[in-house]
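Participant: Pasting a structure below so you can have a look.
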Amino acid sequence: MAGTFVEPEQTPLALLLLGQQADPDSERGVDCPGDLPAPSDPDLVARALAAKQALGDRLFILGHHYQRDEVIQFADVTGDSFKLSQQAAARPEAEFIVFCGVHFMAESADILTSDDQKVILPDMAAGCSMADMAEISQVEDCWRTLERAGVADRTIPITYMNSSAAIKAFTGKHHGSVCTSSNAERSLTWAFEQGDKVLFLPDQHLGRNTAVRDLGLSLDDCVVYDPRKDNGGLSDSQIEDARVILWRGHCSVHGRFTAECVDDVRERVPGVTVIVHPECDYSVVAKADQVGSTEKIIAAIDNAPAGSKWAVGTELNLVKRLALNNPDKEIVYLDKTVCFCSTMNRIDLPHLVWALESLAAGHVVNQIDVDSETEHWAKVALDRMLALPGPTPGRD
Ligand code: 13P
Ligand code: SF4
């Protein structure tokens with residue numbers, strides 16, 4: 001029996017042209033060197049398999065849950081950002097780690113692997129628009145604002161995994177930690193044991209949802225720092241009074257889900273359980289039944305009883321796969337329109353084949369190589385996250 005899946009309306013905007021194009025909205029908008037196989041090549045799957053086989057144990061392929069089906073089938077391990085960073089760190093024998101995900105994930109894998117291992121991102125244009133919302137110079141300006149307000153020495157920076165290596169390094173230098181959607185609560189709890197304020201970068205929603213929903217702070221304990229405004233748009237007394245200073249960043253994919261989507265789906269599908277990713281706005285998370293990382297969303301639905309109904313607020317490749325893998329449940333998409341992550345989708349089969357065949361032929365392409373100073377401090381922040389106690393993966 002086929003899974004029940006309500007296909008959302010397609011919008012022309014979401015049908016982004018993939019391939020060798022640069023993405024003007026991403027700082028990673030660079031062309032792919034060399035010739036990509038044609039997407040219409042009927043031998044792409046066989047070519048990927050042959051290159052993978054030729055590379056054998058020298059190769060390890062990591063795949064994030066938002067990747068396309070055509071790509072995820074070749075992953076040795078799939079996971080959320082936390083699990084993939086753990087897996088990258090646990091593969092010292094692999095000479096090549098091919099990361100089917102986005103740039104910040106590949107950077108983190110490079111930081112967590114040894115110098116003689118090479119991390120490859122099949123398309124360098126696979127960035128993350130949220131990570132692009134915080135630049136290191138802006139973060140340094142923000143810190144100077146906190147110093148002027150007299151609170152920097154009591155503030156612990158926590159950066160979401162979805163940030164550049166430079167920002168992770170800044171966080172490490174300033175006694176902070178990285179977090180992911182699966183351990184944000186533990187990271188924030190840890191941070192409040194070290195200081196009395198947190199600067200949370202760059203996703204205001206994950207920061208707010210964790211502070212209010214998990215730690216029991218009030219919405220008024222949080223202020224939003226806008227990097228485009230003087231003093232972040234905040235007075236010194238607002239900074240002094242705040243417990244959590246949230247960077248003004250967000251995910252445009254998860255930003256499409258609204259509280260109305262939740263009301264609407266509850267009306268359309270009586271008895272539905274609404275599960276959303278914590279990158280959604282607070283108003284959505286407050287109305288949802290469950291909140292969690294991609295790994296937790298998968299576990300919740302896989303382990304649910306047959307016949308249960310789910311509305312899922314996260315990226316579409318994952319939701320479609322959940323429907324396919326759970327034919328005994330009704331899975332609907334929380335929004336009525338399509339919501340792929342266009343940068344995740346840049347990793348397609350032609351790029352994967354091109355990367356694997358290049359490696360098999362002895363050409364290292366699209367290597368992600370973080371400079372050693374940045375790597376050192378970013379690793380400090382990543383290691384602090386990996387050392388946090390508690391169950392993993394999945395948000396509790
Ligand atoms: P997860 O760590 O939950 O997989 O999330 C990563 C991400 O980018 C979600 O948009
Ligand atoms: Fe970045 Fe959003 Fe895509 Fe996740 S879904 S990689 S946060 S743009």
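We name chains A, B, ... following the order of the structure tokens; residues begin at 1 in each chain, and ligands are numbered from 1 as shown.
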So that I can see what lies close to stretch 252-266 of chain A, please list as number ranges by chain the residues with an atom at most 9 Å from it, counting only C-alpha atoms and leaving out residues fewer than 5 positions away in the same chain.

Facilitator: A: 129-130, 271-274, 276-288, 311, 313-315, 332-337, 339-342

Participant: Export C-alpha atoms of the chosen residues as a PDB file, in the first residue's frame?

Facilitator:
```pdb
ATOM      1  CA  SER A 129      20.821  31.324   3.741  1.00  0.00           C
ATOM      2  CA  MET A 130      20.543  31.370   7.528  1.00  0.00           C
ATOM      3  CA  GLY A 271      -6.736  13.877  15.152  1.00  0.00           C
ATOM      4  CA  VAL A 272      -3.489  14.952  13.479  1.00  0.00           C
ATOM      5  CA  THR A 273      -0.271  15.297  15.498  1.00  0.00           C
ATOM      6  CA  VAL A 274       1.697  18.367  14.451  1.00  0.00           C
ATOM      7  CA  VAL A 276       7.794  20.841  13.623  1.00  0.00           C
ATOM      8  CA  HIS A 277      11.464  21.723  13.504  1.00  0.00           C
ATOM      9  CA  PRO A 278      12.600  24.277  16.133  1.00  0.00           C
ATOM     10  CA  GLU A 279      13.714  26.673  13.371  1.00  0.00           C
ATOM     11  CA  CYS A 280      10.002  27.532  13.026  1.00  0.00           C
ATOM     12  CA  ASP A 281       8.665  30.743  14.542  1.00  0.00           C
ATOM     13  CA  TYR A 282       7.681  30.648  18.233  1.00  0.00           C
ATOM     14  CA  SER A 283       3.976  31.016  17.338  1.00  0.00           C
ATOM     15  CA  VAL A 284       4.181  27.778  15.308  1.00  0.00           C
ATOM     16  CA  VAL A 285       6.163  25.866  17.908  1.00  0.00           C
ATOM     17  CA  ALA A 286       3.730  27.001  20.636  1.00  0.00           C
ATOM     18  CA  LYS A 287       0.818  25.458  18.701  1.00  0.00           C
ATOM     19  CA  ALA A 288       2.621  22.260  17.655  1.00  0.00           C
ATOM     20  CA  ALA A 311       1.505  17.041   9.860  1.00  0.00           C
ATOM     21  CA  GLY A 313       6.760  21.245   9.476  1.00  0.00           C
ATOM     22  CA  THR A 314      10.154  20.818   7.912  1.00  0.00           C
ATOM     23  CA  GLU A 315      11.832  20.471   4.506  1.00  0.00           C
ATOM     24  CA  VAL A 332       0.757  15.574   5.411  1.00  0.00           C
ATOM     25  CA  TYR A 333       2.935  18.570   4.806  1.00  0.00           C
ATOM     26  CA  LEU A 334       2.258  21.457   7.192  1.00  0.00           C
ATOM     27  CA  ASP A 335       2.285  24.170   4.522  1.00  0.00           C
ATOM     28  CA  LYS A 336       0.083  24.090   1.440  1.00  0.00           C
ATOM     29  CA  THR A 337       2.891  25.144  -0.887  1.00  0.00           C
ATOM     30  CA  CYS A 339       9.131  24.067   0.644  1.00  0.00           C
ATOM     31  CA  PHE A 340      12.360  22.478  -0.528  1.00  0.00           C
ATOM     32  CA  CYS A 341      15.640  23.872   0.777  1.00  0.00           C
ATOM     33  CA  SER A 342      17.021  25.083  -2.551  1.00  0.00           C
TER      34      SER A 342
END
```

Participant: Which residues form the shell of 9 Å around ligand 1 when you count only C-alpha atoms and all ligand atoms, given as JSON, numbers by chain?

Facilitator: {"A": [64, 65, 66, 79, 80, 81, 82, 83, 84, 101, 102, 105, 128, 130, 161, 162, 180, 181, 182, 251, 253, 254, 277, 278, 279, 292, 293, 294, 295, 296, 297, 314, 315, 341, 344, 394, 395]}

Participant: Among stretch 255-285 of chain A, which residues does DSSP mark as strand (DSSP E) when it is run on the backbone? Keep the chain and numbering as in the structure and answer as a list in words.

Facilitator: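 Output for stretch 255-285 of chain A, strand (DSSP E) only: Thr273, Val274, Ile275 and Val276 of chain A.
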
Participant: Could you save those same residues with C-alpha atoms as a CSV table (one decimal), in the first residue's frame?

Facilitator:
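Dumped everything to result-v7.csv:
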```csv
chain,number,residue,atom,x,y,z
A,273,THR,CA,-0.3,15.3,15.5
A,274,VAL,CA,1.7,18.4,14.5
A,275,ILE,CA,5.5,18.0,14.6
A,276,VAL,CA,7.8,20.8,13.6
```

Participant: Which value, in Å to one decimal, gives the distance between atom CA of A:His376 and atom CA of A:Ile111?

Facilitator: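 Interatomic distance, atom CA of A:His376 to atom CA of A:Ile111: 7.9 Å.
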
Participant: Counting only C-alpha atoms, what is within 7 Å of A:Phe200, bar same-chain residues fewer than 3 positions away, as a list in words?

Facilitator: Pro157, Ile158, Thr159, Gly207, Val244, Ile245, Leu246 and Trp247 of chain A

Participant: Could you turn the residues from that selection into a file that holds C-alpha atoms, as a tab-separated table (two decimals), in the first residue's frame?

Facilitator:
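Contents of selection_24.tsv, as written:
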```tsv
chain	number	residue	atom	x	y	z
A	157	PRO	CA	28.04	33.03	22.98
A	158	ILE	CA	26.21	29.98	21.66
A	159	THR	CA	26.28	29.51	17.94
A	207	GLY	CA	17.23	30.54	20.46
A	244	VAL	CA	19.16	36.03	25.90
A	245	ILE	CA	20.35	38.26	23.07
A	246	LEU	CA	19.09	36.70	19.85
A	247	TRP	CA	20.78	37.39	16.54
```

Participant: Nearest residue to ligand 2 out of A:Val119, A:Ala89, A:Met133, A:Val312, using only C-alpha atoms and all ligand atoms?

Facilitator: A:Met133

Participant: Out of A:Ala38, A:Ile331, A:Cys100, A:Ala51, which residue has the shortest atom-to-atom distance to ligand 2 when counting only C-alpha atoms and all ligand atoms?

Facilitator: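 Among A:Ala38, A:Ile331, A:Cys100, A:Ala51, it is A:Cys100 that comes nearest to ligand 2.
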
Participant: Find, counting only C-alpha atoms, the residue in A:Ala378, A:Ala152, A:Gln67, A:Asp115 that gets nearest to A:Val319.

Facilitator: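 Of the candidates, the smallest distance to A:Val319 is held by A:Gln67.
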
Participant: Name the residues of stretch 288-390 of chain A that come out as alpha helix (DSSP H) in a backbone DSSP run; write them as a PyMOL selection string.

Facilitator: chain A and resi 294-302+316-325+349-360+372-386

Participant: Return the single residue from A:Ala50, A:Ile167, A:Leu322, A:Ala191 that is closest to A:Ala360, with distances computed using only C-alpha atoms.

Facilitator: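 Among A:Ala50, A:Ile167, A:Leu322, A:Ala191, it is A:Ala50 that comes nearest to A:Ala360.
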
Participant: Calculated over only C-alpha atoms, which of the candidates A:Lys379, A:Arg144, A:His205, A:Arg243 has the smallest distance to A:Val223?

Facilitator: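 Among A:Lys379, A:Arg144, A:His205, A:Arg243, it is A:Arg243 that comes nearest to A:Val223.
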
Participant: Hey, which of A:Ala106, A:Leu49, A:Met385, A:Leu55 ends up closest to ligand 2? Count only C-alpha atoms and all ligand atoms.

Facilitator: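 Nearest to ligand 2: A:Ala106.
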